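Data block for run24.cif (mmCIF, C-alpha atoms):
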```
data_my_file
#
loop_
_atom_site.label_atom_id
_atom_site.label_comp_id
_atom_site.auth_asym_id
_atom_site.auth_seq_id
_atom_site.Cartn_x
_atom_site.Cartn_y
_atom_site.Cartn_z
CA MET A 271 -111.80 69.48 -43.03
CA LYS A 272 -110.58 65.94 -43.29
CA THR A 273 -107.08 65.31 -42.01
CA ASP A 274 -104.83 62.50 -43.22
CA ALA A 275 -104.61 59.57 -40.85
CA GLN A 276 -101.23 59.12 -39.01
CA PRO A 277 -99.40 55.80 -39.53
CA PRO A 278 -99.57 53.58 -36.53
CA LEU A 279 -96.56 53.81 -34.19
CA SER A 280 -94.29 50.78 -33.69
CA PRO A 281 -94.43 49.23 -30.29
CA ARG A 282 -92.09 51.08 -27.81
CA GLY A 283 -88.66 49.76 -27.61
CA GLY A 284 -88.82 47.67 -30.81
CA GLY A 285 -85.95 49.56 -32.50
CA GLY A 286 -83.71 49.41 -29.37
CA GLY A 287 -83.48 45.59 -29.44
CA GLY A 288 -81.79 45.52 -32.81
CA GLY A 289 -79.21 48.06 -31.69
CA ALA A 290 -78.26 46.01 -28.65
CA ILE A 291 -77.63 42.96 -30.79
CA ALA A 292 -75.41 44.98 -33.04
CA VAL A 293 -73.42 46.29 -30.13
CA PHE A 294 -73.01 42.76 -28.78
CA LEU A 295 -71.76 41.51 -32.11
CA VAL A 296 -69.27 44.37 -32.29
CA LEU A 297 -67.96 43.49 -28.82
CA VAL A 298 -67.59 39.82 -29.78
CA ILE A 299 -65.64 40.82 -32.86
CA LEU A 300 -63.40 43.12 -30.84
CA VAL A 301 -62.66 40.41 -28.24
CA SER A 302 -61.84 37.94 -31.01
CA LEU A 303 -59.52 40.40 -32.68
CA SER A 304 -57.83 41.17 -29.36
CA GLY A 305 -57.22 37.48 -28.71
CA THR A 306 -55.81 37.05 -32.20
CA LEU A 307 -53.50 40.02 -31.76
CA LEU A 308 -52.30 38.69 -28.38
CA LEU A 309 -51.51 35.31 -29.90
CA MET A 310 -49.68 36.93 -32.79
CA ALA A 311 -47.68 39.18 -30.46
CA ARG A 312 -46.70 36.29 -28.13
CA PRO A 313 -42.93 35.59 -28.43
CA LYS A 314 -41.86 32.31 -29.85
CA PRO A 315 -40.69 29.80 -27.21
CA ILE A 316 -36.92 29.34 -26.95
CA THR A 317 -35.68 25.75 -27.10
CA ILE A 318 -32.74 25.06 -24.74
CA THR A 319 -30.72 21.93 -25.42
CA ILE A 320 -28.52 20.67 -22.59
CA HIS A 321 -25.52 18.59 -23.64
CA PRO A 322 -24.17 16.57 -20.68
CA PRO A 323 -20.35 16.35 -20.44
CA ILE A 324 -18.66 13.30 -21.89
CA PRO A 325 -18.04 10.89 -19.01
CA SER A 326 -14.35 10.53 -18.21
CA ALA A 327 -12.72 7.17 -17.75
CA THR A 328 -12.98 5.97 -14.18
CA THR A 329 -9.67 5.00 -12.64
CA VAL A 330 -9.72 1.41 -11.50
CA LEU A 331 -8.78 1.32 -7.84
CA THR A 332 -6.34 -1.37 -6.85
CA ALA A 333 -6.46 -2.96 -3.46
CA THR A 334 -3.72 -1.77 -1.14
CA PRO A 335 -1.96 -4.73 0.48
CA ASP A 336 -2.17 -4.73 4.25
CA PHE A 337 1.16 -6.54 4.68
CA ILE A 338 4.73 -6.49 3.40
CA LEU A 339 7.36 -9.18 2.93
CA VAL A 340 10.78 -8.39 4.40
CA TYR A 341 14.02 -10.40 4.26
CA VAL A 342 16.01 -10.35 7.50
CA SER A 343 19.69 -11.27 7.64
CA GLY A 344 22.71 -10.79 9.82
CA ALA A 345 23.02 -11.01 13.59
CA VAL A 346 19.48 -12.07 14.49
CA GLN A 347 18.25 -15.33 16.01
CA ARG A 348 16.60 -16.58 12.80
CA PRO A 349 18.46 -14.95 9.90
CA GLU A 350 18.25 -15.52 6.15
CA GLU A 351 14.45 -15.74 6.18
CA SER A 352 11.53 -13.71 4.84
CA TYR A 353 8.93 -12.44 7.27
CA ARG A 354 5.42 -11.21 6.60
CA LEU A 355 4.78 -7.99 8.55
CA PRO A 356 1.90 -5.49 8.74
CA LEU A 357 2.04 -2.50 6.42
CA GLY A 358 3.93 0.34 8.08
CA SER A 359 6.26 -1.93 10.07
CA ARG A 360 9.71 -0.74 11.07
CA VAL A 361 13.14 -2.35 11.26
CA GLY A 362 12.62 -3.07 14.95
CA ASP A 363 9.52 -5.11 14.09
CA ALA A 364 11.50 -7.16 11.55
CA VAL A 365 14.24 -7.86 14.10
CA GLU A 366 11.62 -8.96 16.63
CA ALA A 367 9.98 -11.23 14.05
CA ALA A 368 13.39 -12.85 13.44
CA GLY A 369 13.75 -13.67 17.14
CA GLY A 370 15.65 -10.57 18.21
CA PHE A 371 19.33 -9.63 18.18
CA THR A 372 22.10 -12.09 18.81
CA GLU A 373 24.91 -11.32 21.23
CA LEU A 374 27.09 -10.33 18.28
CA ALA A 375 24.65 -7.74 16.89
CA ASP A 376 26.09 -4.28 16.46
CA ARG A 377 23.02 -2.36 17.61
CA THR A 378 24.70 0.99 17.02
CA ARG A 379 24.38 0.37 13.27
CA VAL A 380 20.66 -0.43 13.38
CA ASN A 381 17.89 2.15 13.13
CA PRO A 382 14.88 0.33 14.62
CA ALA A 383 12.57 3.25 13.74
CA ALA A 384 13.23 3.06 9.98
CA ILE A 385 10.06 2.26 8.02
CA LEU A 386 10.15 -0.84 5.83
CA ARG A 387 8.68 -1.30 2.38
CA ASP A 388 7.59 -4.46 0.63
CA GLY A 389 10.67 -6.35 -0.59
CA ASP A 390 13.16 -4.59 1.69
CA GLN A 391 16.06 -6.39 3.38
CA ALA A 392 16.75 -5.66 7.03
CA HIS A 393 20.37 -6.56 7.75
CA VAL A 394 21.84 -6.45 11.24
CA PHE A 395 25.59 -6.03 11.11
CA PRO A 396 27.53 -8.06 13.67
CA ILE A 397 30.32 -6.61 15.71
CA LYS A 398 33.78 -7.56 14.56
CA VAL A 399 34.92 -10.52 16.59
CA THR A 400 38.51 -10.58 17.76
CA VAL A 401 40.38 -12.65 20.27
CA ALA A 402 39.88 -9.90 22.84
CA THR A 403 36.10 -9.78 22.39
CA LYS A 404 34.26 -10.51 25.61
CA LEU A 405 30.69 -11.77 25.31
CA PRO A 406 28.33 -13.08 27.99
CA THR A 407 28.05 -16.74 27.03
CA PRO A 408 27.41 -19.77 29.22
CA GLN A 409 31.09 -20.67 28.98
CA GLY A 410 32.19 -17.05 29.52
CA GLY A 411 34.26 -16.83 26.29
CA PRO A 412 33.77 -15.25 22.86
CA ARG A 413 31.52 -17.08 20.42
CA VAL A 414 31.10 -16.92 16.68
CA TYR A 415 27.58 -17.66 15.45
CA LEU A 416 28.05 -19.86 12.41
CA ASN A 417 24.64 -19.09 10.90
CA SER A 418 25.10 -15.32 10.89
CA ALA A 419 28.84 -14.67 11.00
CA SER A 420 30.53 -12.82 8.16
CA ILE A 421 33.63 -14.06 6.36
CA GLU A 422 35.80 -11.80 8.52
CA GLU A 423 34.27 -13.20 11.71
CA LEU A 424 34.73 -16.79 10.58
CA GLU A 425 38.36 -16.08 9.77
CA THR A 426 39.00 -15.23 13.44
CA LEU A 427 38.46 -18.91 14.27
CA PRO A 428 41.50 -21.20 14.36
CA GLY A 429 41.95 -23.29 11.24
CA ILE A 430 39.50 -21.29 9.13
CA GLY A 431 40.79 -19.17 6.27
CA PRO A 432 38.96 -17.20 3.56
CA ALA A 433 38.20 -20.27 1.43
CA MET A 434 36.81 -22.29 4.35
CA ALA A 435 34.80 -19.28 5.54
CA ARG A 436 33.21 -18.96 2.09
CA ARG A 437 32.35 -22.68 2.04
CA ILE A 438 30.64 -22.41 5.45
CA ILE A 439 28.55 -19.44 4.28
CA GLU A 440 27.63 -21.18 1.01
CA PHE A 441 26.59 -24.29 2.93
CA ARG A 442 24.31 -22.46 5.37
CA GLU A 443 22.73 -20.38 2.57
CA GLN A 444 22.38 -23.02 -0.15
CA VAL A 445 22.10 -26.34 1.71
CA SER A 446 20.77 -25.85 5.25
CA PRO A 447 21.45 -23.98 8.48
CA ILE A 448 24.27 -25.38 10.58
CA ASP A 449 22.52 -26.63 13.70
CA ASN A 450 25.28 -28.73 15.23
CA PHE A 451 28.80 -30.05 14.73
CA GLU A 452 27.50 -32.89 12.57
CA ASP A 453 26.15 -30.30 10.09
CA LEU A 454 29.45 -28.41 10.24
CA ASP A 455 31.31 -31.63 9.46
CA LYS A 456 29.37 -31.82 6.16
CA VAL A 457 31.16 -28.70 4.89
CA ALA A 458 33.98 -29.64 2.54
CA GLY A 459 37.37 -29.48 4.25
CA VAL A 460 36.10 -29.69 7.83
CA GLY A 461 37.52 -32.63 9.76
CA PRO A 462 37.73 -33.95 13.34
CA ALA A 463 40.75 -31.81 14.20
CA LEU A 464 39.04 -28.59 13.13
CA LEU A 465 35.82 -29.53 14.93
CA GLU A 466 37.77 -30.16 18.13
CA GLY A 467 39.43 -26.76 17.90
CA LEU A 468 36.08 -25.02 17.42
CA LYS A 469 34.32 -26.80 20.26
CA ASP A 470 34.20 -23.88 22.67
CA LEU A 471 34.39 -21.05 20.14
CA VAL A 472 31.23 -21.33 18.01
CA SER A 473 27.49 -21.32 18.53
CA PHE A 474 24.65 -22.57 16.33
CA ASP A 475 21.85 -20.28 17.58
#
```

File written out as structure tokens:
Amino acid sequence: MKTDAQPPLSPRGGGGGGGAIAVFLVLVILVSLSGTLLLMARPKPITITIHPPIPSATTVLTATPDFILVYVSGAVQRPEESYRLPLGSRVGDAVEAAGGFTELADRTRVNPAAILRDGDQAHVFPIKVTVATKLPTPQGGPRVYLNSASIEELETLPGIGPAMARRIIEFREQVSPIDNFEDLDKVAGVGPALLEGLKDLVSFD
């Protein structure tokens, strides 16, 4: 009996190659989809804007002077003058700059530790001169210092009243210091007789 011939078999493993390719393609598609989903699920970046503060106006620094100008008057050796002193100086420094106290200075009314400011006046009050005043002078008698004496002190001198005392003060302040009897003679109303009476009673220091 004649049997039908069997169809020839495909080579072994021929169908498995096509399946592997399909699996590979599926994996590629899955990876691509995963990447797409990750990108879609990624949060949007947040933009942060920093606004710097508005700069404030800078204060212009002014130079601090390292000295002050002080006017010294009264019973000092060189009164009625302005002296340039270091910043932070005291009354005692101003008196020293003016040559120190005179013999008529009332030191009990001076605070040498007081701090001075620019434009201050340091005034040294003189003691009130009377006939009984005793001062250590070369001649041993009381002296009135014509360049620092007050009206009251000048009035203690013989022949000098309020009007003459004012003229002497105006002369020394507005014209020039009184350095000798010749300068004193230039004051209106002063004559030889008055000069003779003041010979041993006044000083020009």

Nearest to Thr372 of chain A, restricted to all atoms listed in the file and choosing among A:Val414, A:Ala290, A:Val340, A:Ala392, comes out as A:Val414

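A straight line drawn from atom CA of Pro396 of chain A to atom CA of Gly459 of chain A is 25.4 Å long.
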
Long-range neighbours of Asn450 of chain A as a PDB file with C-alpha atoms, keeping the file's coordinate frame, 10 Å cut-off, only C-alpha atoms, 3 positions minimum in chain:
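Output below, filename part.pdb:
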```pdb
ATOM      1  CA  LEU A 416      28.050 -19.860  12.410  1.00  0.00           C
ATOM      2  CA  PRO A 447      21.450 -23.980   8.480  1.00  0.00           C
ATOM      3  CA  ASP A 453      26.150 -30.300  10.090  1.00  0.00           C
ATOM      4  CA  LEU A 454      29.450 -28.410  10.240  1.00  0.00           C
ATOM      5  CA  ASP A 455      31.310 -31.630   9.460  1.00  0.00           C
ATOM      6  CA  VAL A 472      31.230 -21.330  18.010  1.00  0.00           C
ATOM      7  CA  SER A 473      27.490 -21.320  18.530  1.00  0.00           C
ATOM      8  CA  PHE A 474      24.650 -22.570  16.330  1.00  0.00           C
ATOM      9  CA  ASP A 475      21.850 -20.280  17.580  1.00  0.00           C
TER      10      ASP A 475
END
```

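Here atom CA of Asp470 of chain A and atom CA of Arg413 of chain A stand 7.6 Å from one another.
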
Separating atom CA of Phe395 of chain A from atom CA of Glu423 of chain A, to the nearest tenth of an Å, is a gap of 11.3 Å

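Distances from A:Val301, A:Val445, A:Val457, A:Leu465 to Gly429 of chain A were compared using all atoms listed in the file, and the smallest one belongs to A:Leu465.
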
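Comparing the minimum interatomic distances between Glu440 of chain A and each of A:Ala375, A:Val298, A:Ala419, A:Ala367, counting all atoms listed in the file, we find that A:Ala419 sits nearest.
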
Calculate, to one decimal in Å, the centre and edge lengths of the box along x, y and z of the file that holds all listed atoms of segment 459-469 of chain A with 3 Å of margin on each side, and present them as AutoDock Vina command-line options.
```
--center_x 37.5 --center_y -29.5 --center_z 12.3 --size_x 12.4 --size_y 14.9 --size_z 22.0
```

Any chance you could work out the residue set of the PyMOL selection byres ((chain A and resi 365) around 12) here, as a PyMOL selection string?
-> chain A and resi 340-353+355+359-364+366-372+375+377+380-384+386+391-395

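Applied to this file, the PyMOL selection byres ((chain A and resi 425-428) around 9) selects the residues A:Val399, A:Thr400, A:Val401, A:Val414, A:Ser420, A:Ile421, A:Glu422, A:Glu423, A:Leu424, A:Gly429, A:Ile430, A:Gly431, A:Pro432, A:Met434, A:Ala435, A:Leu464, A:Gly467, A:Leu468, A:Leu471, A:Val472.
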